[in-house]
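Data first, discussion second: the structure below is written as structure tokens.
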Amino acid sequence: MYGFGLLKGLAVTMKNMALPGRMFTTHQYPSRSIGILGLAKMSGTNVVSFAFAEPKQAAKALVGLATVEDRFEQHPRFRGQEFAWYEERCTGCASCAKYCPLGIIRIVTHPGGAEMQEGEKYAIDVFDIDIGRCMFCGLCVEACPYDAIHMGSGFEEGTYDRAELVLDIDHLRDAPKRPSTWFRPQLEGKSYRPADGKDATWRDVGRHEHPTQEEQGKRWAER
Amino acid sequence: MCDEGVGGAFCRLERFFDGLLFDGFLPESLDWLAYALAGFVLAATIVNLLLMVTAGYTWFERRALGRFQARLGPNRWGPFGMFQPIADGIKLASKEDLVPDGADRPVFNVAPIALMAPAILVVALIPFEEESFLGSLNIGILFIIGVTSVNTIAIFMGGWASRNKYAMFGAMRAVAMLISYEVPMALAITGVLLVAGSMSLSGMAASQAVPFLLVQPLGFLVFLAAASAEMSRTPFDQIEAESELGSGYHTEYSGMKFAVFQLAEFMAPIITALIVATLYLGGARGYGPIPGQLWFVVMVAIVIFVLLWFRATWPRLRIDQIMSFAWKGLFLLAIVNLFLVAAEVFVLQDSETGELSTESLWIMAAINWVVTVASVVIVANVLGQRHIQRLEPVASPLANMHAEAD
């Protein structure tokens with residue numbers, strides 16, 4: 001009958017309103033506000049002892065101004081910003097720069113550095129990636145013979161200036177080394193997840209062994 | 001001036017000021033001073049309370065709407081986002097007050113006030129106790145119908161003066177819609193008048209030995225539908241229709257003028273709930289052991305919540321659906337209700353005093369519920385037929401003028 005649809009709709013919304021186990025489709029980021037109960041639960045104490053231990057935080061939570069970091073967890077193979085660059089692996093061959101379809105990687109090197117005598121590594125002066133124009137295709141990662149560069153897992157990296165989007169070598173050195181597992185799914189087998197906030201070492205991410213200088217010396221001696 | 005021992009809050013306040021000022025040092029010829037002082041104090045209290053309640057209500061509405069629609073709603077400022085109205089106020093107050101080039105300046109500036117004023121005026125008449133606080137008019141309901149109609153012209157002023165075609169569209173729709181819904185609303189109120197035998201709101205509340213929701217459910221339904229259309233919120237928000245018109249008549253408004261529009265809009269459900277609770281739910285009369293004012297507040301809260309529930313659930317109607325709902329549905333039901341109630345009052349009233357006893361109210365309730373269900377089902381089935389609803393679209397002769405001739 002005409003009009004029953006209206007009542008059905010009312011029932012649907014009322015269910016959403018009244019039932020406790022309703023579904024939220026909203027996820028708050030980069031932080032969500034949290035009450036004093038939630039804060040005490042997070043610190044593993046009860047409310048009273050939490051209030052005595054951290055009165056300032058407790059007062060903030062009481063007026064509803066306390067927040068905790070809560071980012072939406074991306075899939076481990078998500079290709080994001082913050083390239084994970086492993087200087088130990090990089091030889092400065094600039095394959096990534098050559099393969100980049102947009103030409104946004106700039107590498108300047110000079111012969112030198114610890115492994116110069118090996119003849120297999122350059123000292124890198126400039127390593128710029130203009131992620132303002134990057135399309136996150138990952139061809140640089142595929143091109144790298146030494147697995148020295150990986151797509152990162154970061155997001156929400158907005159800036160107010162396009163120039164700040166150019167990652168220079170210092171930025172790449174200091175950036176968290178949380179590579180996306182998109183190119184190396186084997187990383188997932190080692191129970192590595194970028195969202196856990198732990199860095200992956202240069203030894204974990206590559207397929208090649210990378211001998212130390214002593215090992216190399218030994219090898220040379222054996223030859 | 002108030003006589004000794006009678007009257008509502010206003011008279012009590014006036015006697016208080018009278019005692020304060022004239023027991024000693026002021027001459028009797030300044031009697032009006034106490035009157036003016038009492039009026040001013042009471043009016044200022046009520047208006048400011050109303051504004052604060054509305055500000056709080058904006059938070060509640062947005063929060064509850066979030067829950068209804070599986071969202072969060074404002075939750076950043078204060079516990080559960082309670083400071084959101086303050087944040088909104090600061091933001092809107094600090095925004096630039098833009099007036100579009102070519103706008104009709106005086107009209108543009110007056111429109112928000114003209115929309116806000118009726119809502120506040122209505123509250124002066126609502127009987128929060130046996131009497132209204134400020135103006136116990138004996139034609140209170142007429143005053144309310146008249147004053148709330150000013151909404152229409154205020155919205156039209158805003159839309160017209162903006163010099164924006166979308167604002168104008170919204171305003172035109174507003175005029176068409178609001179005036180249509182005045183008719184069933186007034187007819188539904190007439191049913192209450194007939195049973196109550198009084199035009200003052202306090203008289204109406206006092207005569208509800210049985211709440212009029214039970215006595216004339218049809219009138220209640222018609223009034224609720226018409227009133228929620230008068231508020232011009234979803235499902236009747238053709239006036240602002242965000243997806244079609246920007247935001248309708250207040251597209252061009254910003255800063256405090258926009259805030260006043262928003263405030264008036266959020267005040268509307270409160271005012272509507274006050275009127276509905278007075279007309280149909282017994283007002284501040286109180287039943288049995290329940291104190292009247294508690295009953296009143298609870299009823300107002302329930303009506304507000306129901307209106308919010310409607311808003312959260314139903315999608316926007318098309319303008320032709322809105323108009324046909326008013327004229328084919330509500331108008332018909334209101335007429336049925338009016339004639340039914342008139343006949344019942346004629347038969348059941350006391351032949352000498354013209355009053356209705358509680359028993360006859362219950363008899364009316366029994367008859368009216370049957371008629372309500374029957375008439376709603378009949379009207380719904382007649383209106384719900386597909387071939388009535390869906391007209392064949394007729395193509396404009398200009399629509400295809402560049403197409404090749406067959």
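To be explicit about the labels: the chains of the structure tokens are called A, B, and onward in the order shown, and within each one the residues are counted from 1, while ligands get numbers from 1 in the order they are shown.
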
Expected answer as a PyMOL selection string: chain A residues within 6 Å of chain B, only C-alpha atoms
chain A and resi 2+10+13+16-17+24+26+63-65

Residues near segment 98-111 of chain A, anyone? I mean within 10 Å using only C-alpha atoms, not counting same-chain ones fewer than 3 positions away, as an mmCIF file with C-alpha atoms, in the first residue's frame.
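Okay, part.cif is ready:
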```cif
data_model
loop_
_atom_site.group_PDB
_atom_site.id
_atom_site.type_symbol
_atom_site.label_atom_id
_atom_site.label_comp_id
_atom_site.auth_asym_id
_atom_site.auth_seq_id
_atom_site.Cartn_x
_atom_site.Cartn_y
_atom_site.Cartn_z
ATOM 1 C CA THR A 91 75.030 2.560 -6.170
ATOM 2 C CA GLY A 92 74.018 5.750 -7.858
ATOM 3 C CA CYS A 93 73.500 4.051 -11.209
ATOM 4 C CA ALA A 94 70.479 6.290 -11.855
ATOM 5 C CA SER A 95 68.427 3.496 -13.434
ATOM 6 C CA GLU A 115 83.420 1.146 -2.009
ATOM 7 C CA MET A 116 85.082 3.130 -4.759
ATOM 8 C CA GLN A 117 87.842 0.619 -5.075
ATOM 9 C CA GLY A 119 84.221 0.148 -8.756
ATOM 10 C CA GLU A 120 80.604 -0.585 -7.975
ATOM 11 C CA LYS A 121 79.330 2.482 -6.256
ATOM 12 C CA TYR A 122 79.202 6.217 -6.742
ATOM 13 C CA ALA A 123 78.934 8.817 -4.049
ATOM 14 C CA ILE A 124 75.578 10.499 -4.445
ATOM 15 C CA ASP A 125 75.407 14.288 -4.258
ATOM 16 C CA VAL A 126 71.835 14.964 -5.314
ATOM 17 C CA PHE A 127 68.809 12.687 -5.230
ATOM 18 C CA ASP A 128 65.611 14.633 -5.881
ATOM 19 C CA ILE A 129 62.185 13.141 -6.431
ATOM 20 C CA ASP A 130 59.452 15.604 -7.382
ATOM 21 C CA ILE A 131 56.452 13.741 -5.987
ATOM 22 C CA GLY A 132 54.231 16.651 -6.926
ATOM 23 C CA ARG A 133 54.301 15.178 -10.419
ATOM 24 C CA CYS A 134 54.756 11.539 -9.456
ATOM 25 C CA MET A 135 52.006 9.183 -10.586
ATOM 26 C CA CYS A 137 53.511 3.911 -11.166
ATOM 27 C CA GLY A 138 56.437 2.232 -9.414
ATOM 28 C CA LEU A 139 58.582 1.868 -12.523
ATOM 29 C CA CYS A 140 61.584 3.290 -10.652
ATOM 30 C CA VAL A 141 61.221 0.480 -8.130
ATOM 31 C CA GLU A 142 61.052 -2.133 -10.857
ATOM 32 C CA ALA A 143 64.013 -0.621 -12.622
ATOM 33 C CA CYS A 144 66.339 -0.554 -9.645
ATOM 34 C CA VAL A 166 60.400 17.803 -3.969
ATOM 35 C CA LEU A 167 62.014 15.192 -1.748
ATOM 36 C CA ASP A 168 65.745 15.824 -1.537
ATOM 37 C CA ILE A 169 68.443 13.460 -0.404
#
```

All strand (DSSP E) positions in segment 19-154 of chain A, as a ChimeraX atom specification:
/A:31-33,67-69,80-85,105-111,122-130,149-152

For N, CA and C atoms, I'd like the residues from the last selection saved as an mmCIF file, in the first residue's frame.
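Okay, this is what ended up in out.cif:
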```cif
data_model
loop_
_atom_site.group_PDB
_atom_site.id
_atom_site.type_symbol
_atom_site.label_atom_id
_atom_site.label_comp_id
_atom_site.auth_asym_id
_atom_site.auth_seq_id
_atom_site.Cartn_x
_atom_site.Cartn_y
_atom_site.Cartn_z
ATOM 1 N N SER A 31 43.342 11.982 13.786
ATOM 2 C CA SER A 31 43.197 11.643 15.195
ATOM 3 C C SER A 31 41.722 11.620 15.516
ATOM 4 N N ARG A 32 41.374 10.850 16.522
ATOM 5 C CA ARG A 32 39.977 10.863 16.931
ATOM 6 C C ARG A 32 39.916 11.313 18.378
ATOM 7 N N SER A 33 38.817 11.964 18.726
ATOM 8 C CA SER A 33 38.707 12.404 20.113
ATOM 9 C C SER A 33 38.345 11.202 20.978
ATOM 10 N N THR A 67 42.793 13.821 22.190
ATOM 11 C CA THR A 67 42.719 13.051 20.950
ATOM 12 C C THR A 67 43.848 12.034 20.927
ATOM 13 N N VAL A 68 43.627 10.970 20.215
ATOM 14 C CA VAL A 68 44.702 10.003 19.984
ATOM 15 C C VAL A 68 44.870 9.851 18.476
ATOM 16 N N GLU A 69 46.105 9.564 18.089
ATOM 17 C CA GLU A 69 46.379 9.337 16.673
ATOM 18 C C GLU A 69 45.615 8.113 16.224
ATOM 19 N N GLY A 80 52.390 4.588 -1.617
ATOM 20 C CA GLY A 80 52.199 5.945 -1.139
ATOM 21 C C GLY A 80 53.414 6.808 -1.308
ATOM 22 N N GLN A 81 53.365 7.928 -0.640
ATOM 23 C CA GLN A 81 54.472 8.870 -0.686
ATOM 24 C C GLN A 81 55.578 8.405 0.248
ATOM 25 N N GLU A 82 56.548 9.275 0.526
ATOM 26 C CA GLU A 82 57.656 8.931 1.412
ATOM 27 C C GLU A 82 58.391 7.704 0.874
ATOM 28 N N PHE A 83 59.009 7.881 -0.266
ATOM 29 C CA PHE A 83 59.774 6.773 -0.838
ATOM 30 C C PHE A 83 60.744 6.225 0.201
ATOM 31 N N ALA A 84 60.823 4.902 0.288
ATOM 32 C CA ALA A 84 61.809 4.292 1.175
ATOM 33 C C ALA A 84 63.080 4.060 0.362
ATOM 34 N N TRP A 85 64.100 4.864 0.658
ATOM 35 C CA TRP A 85 65.342 4.774 -0.109
ATOM 36 C C TRP A 85 66.430 4.245 0.804
ATOM 37 N N ILE A 105 62.978 12.240 -11.373
ATOM 38 C CA ILE A 105 64.068 11.874 -10.464
ATOM 39 C C ILE A 105 65.361 12.461 -11.010
ATOM 40 N N ARG A 106 66.093 13.129 -10.156
ATOM 41 C CA ARG A 106 67.341 13.747 -10.595
ATOM 42 C C ARG A 106 68.447 13.237 -9.688
ATOM 43 N N ILE A 107 69.486 12.664 -10.299
ATOM 44 C CA ILE A 107 70.585 12.101 -9.522
ATOM 45 C C ILE A 107 71.896 12.683 -10.034
ATOM 46 N N VAL A 108 72.699 13.201 -9.110
ATOM 47 C CA VAL A 108 74.044 13.684 -9.455
ATOM 48 C C VAL A 108 75.033 12.914 -8.599
ATOM 49 N N THR A 109 76.039 12.306 -9.234
ATOM 50 C CA THR A 109 76.995 11.490 -8.473
ATOM 51 C C THR A 109 78.418 11.892 -8.834
ATOM 52 N N HIS A 110 79.355 11.437 -8.010
ATOM 53 C CA HIS A 110 80.760 11.522 -8.386
ATOM 54 C C HIS A 110 81.452 10.254 -7.916
ATOM 55 N N PRO A 111 82.520 9.841 -8.599
ATOM 56 C CA PRO A 111 83.209 8.638 -8.153
ATOM 57 C C PRO A 111 83.781 8.871 -6.769
ATOM 58 N N TYR A 122 78.874 4.801 -6.668
ATOM 59 C CA TYR A 122 79.202 6.217 -6.742
ATOM 60 C C TYR A 122 78.770 6.892 -5.449
ATOM 61 N N ALA A 123 79.431 7.981 -5.141
ATOM 62 C CA ALA A 123 78.934 8.817 -4.049
ATOM 63 C C ALA A 123 77.853 9.720 -4.616
ATOM 64 N N ILE A 124 76.748 9.796 -3.913
ATOM 65 C CA ILE A 124 75.578 10.499 -4.445
ATOM 66 C C ILE A 124 75.517 11.903 -3.852
ATOM 67 N N ASP A 125 75.497 12.900 -4.725
ATOM 68 C CA ASP A 125 75.407 14.288 -4.258
ATOM 69 C C ASP A 125 73.958 14.753 -4.190
ATOM 70 N N VAL A 126 73.216 14.476 -5.237
ATOM 71 C CA VAL A 126 71.835 14.964 -5.314
ATOM 72 C C VAL A 126 70.931 13.791 -5.642
ATOM 73 N N PHE A 127 69.845 13.686 -4.908
ATOM 74 C CA PHE A 127 68.809 12.687 -5.230
ATOM 75 C C PHE A 127 67.470 13.374 -4.980
ATOM 76 N N ASP A 128 66.879 13.914 -6.035
ATOM 77 C CA ASP A 128 65.611 14.633 -5.881
ATOM 78 C C ASP A 128 64.489 13.819 -6.521
ATOM 79 N N ILE A 129 63.387 13.715 -5.817
ATOM 80 C CA ILE A 129 62.185 13.141 -6.431
ATOM 81 C C ILE A 129 61.076 14.176 -6.283
ATOM 82 N N ASP A 130 60.524 14.610 -7.422
ATOM 83 C CA ASP A 130 59.452 15.604 -7.382
ATOM 84 C C ASP A 130 58.120 14.860 -7.307
ATOM 85 N N ILE A 149 65.400 1.360 -3.895
ATOM 86 C CA ILE A 149 64.273 2.294 -3.710
ATOM 87 C C ILE A 149 62.969 1.511 -3.720
ATOM 88 N N HIS A 150 62.076 1.908 -2.817
ATOM 89 C CA HIS A 150 60.772 1.257 -2.709
ATOM 90 C C HIS A 150 59.710 2.324 -2.598
ATOM 91 N N MET A 151 58.546 1.964 -3.068
ATOM 92 C CA MET A 151 57.428 2.875 -2.819
ATOM 93 C C MET A 151 57.177 2.906 -1.323
ATOM 94 N N GLY A 152 56.780 4.090 -0.810
ATOM 95 C CA GLY A 152 56.543 4.197 0.627
ATOM 96 C C GLY A 152 55.118 3.815 0.963
#
```

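Here the question is which of B:Met299, B:Ala186, B:Leu142, B:Ala55 gets nearest to Ala284 of chain B using only C-alpha atoms, and that residue is B:Met299.
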
Applying 12 Å and only C-alpha atoms, which residues near Gly38 of chain A remain after dropping the ones on its own chain fewer than 6 positions away? List them as an MDAnalysis selection string.
chainID A and resid 32 44:47 50 57:58 61:62 64 66:68

Quote the spacing between atom CA of Met177 of chain B and atom CA of Ala119 of chain B in Å to one decimal place.
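Between these atoms lies a distance of 18.6 Å.
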
Between atom CA of Ala206 of chain B and atom CA of Glu131 of chain B, what distance in Å does the model show, to one decimal?
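Pair atom CA of Ala206 of chain B / atom CA of Glu131 of chain B returns 9.7 Å.
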
Fewer than 2 positions away in the same chain doesn't count, so skip those; otherwise give me all residues within 8 Å of Asn138 of chain B, counting only C-alpha atoms, as an mmCIF file with N, CA and C atoms, in the first residue's frame.
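Once everything was written out, this is around.cif:
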```cif
data_model
loop_
_atom_site.group_PDB
_atom_site.id
_atom_site.type_symbol
_atom_site.label_atom_id
_atom_site.label_comp_id
_atom_site.auth_asym_id
_atom_site.auth_seq_id
_atom_site.Cartn_x
_atom_site.Cartn_y
_atom_site.Cartn_z
ATOM 1 N N SER B 136 -1.301 36.855 27.012
ATOM 2 C CA SER B 136 -2.368 35.868 26.972
ATOM 3 C C SER B 136 -3.483 36.427 26.108
ATOM 4 N N GLY B 140 -5.257 33.806 20.507
ATOM 5 C CA GLY B 140 -3.862 33.413 20.361
ATOM 6 C C GLY B 140 -3.562 32.634 19.099
ATOM 7 N N SER B 198 -12.468 27.557 22.289
ATOM 8 C CA SER B 198 -11.737 28.748 22.698
ATOM 9 C C SER B 198 -10.633 28.995 21.684
ATOM 10 N N MET B 199 -10.253 30.256 21.526
ATOM 11 C CA MET B 199 -9.196 30.569 20.582
ATOM 12 C C MET B 199 -7.889 30.878 21.283
ATOM 13 N N SER B 200 -7.913 31.010 22.586
ATOM 14 C CA SER B 200 -6.658 31.284 23.281
ATOM 15 C C SER B 200 -5.944 29.967 23.534
ATOM 16 N N LEU B 201 -4.633 30.010 23.438
ATOM 17 C CA LEU B 201 -3.866 28.772 23.571
ATOM 18 C C LEU B 201 -4.040 28.165 24.948
#
```

Quick one: residues within 6 Å of segment 180-188 of chain A, only C-alpha atoms, excluding same-chain residues fewer than 3 positions away - as a PyMOL selection string?
chain A and resi 76-77+79+151-153+191-192

Could you check how far atom CA of Ala229 of chain B sits from atom CA of Tyr181 of chain B, in Å to one decimal?
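Interatomic distance here is 6.9 Å.
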
Residue set, segment 11-171 of chain A restricted to helix (DSSP H, G or I), as a VMD selection string
chain A and resid 11 to 18 36 to 43 47 to 53 55 to 62 95 to 99 114 to 118 139 to 143 162 to 165 169 to 171

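Comparing B:Phe169, B:Phe305, B:Phe143, B:Phe108 by their smallest distance to Gln238 of chain B, the closest is B:Phe169 (using only C-alpha atoms).
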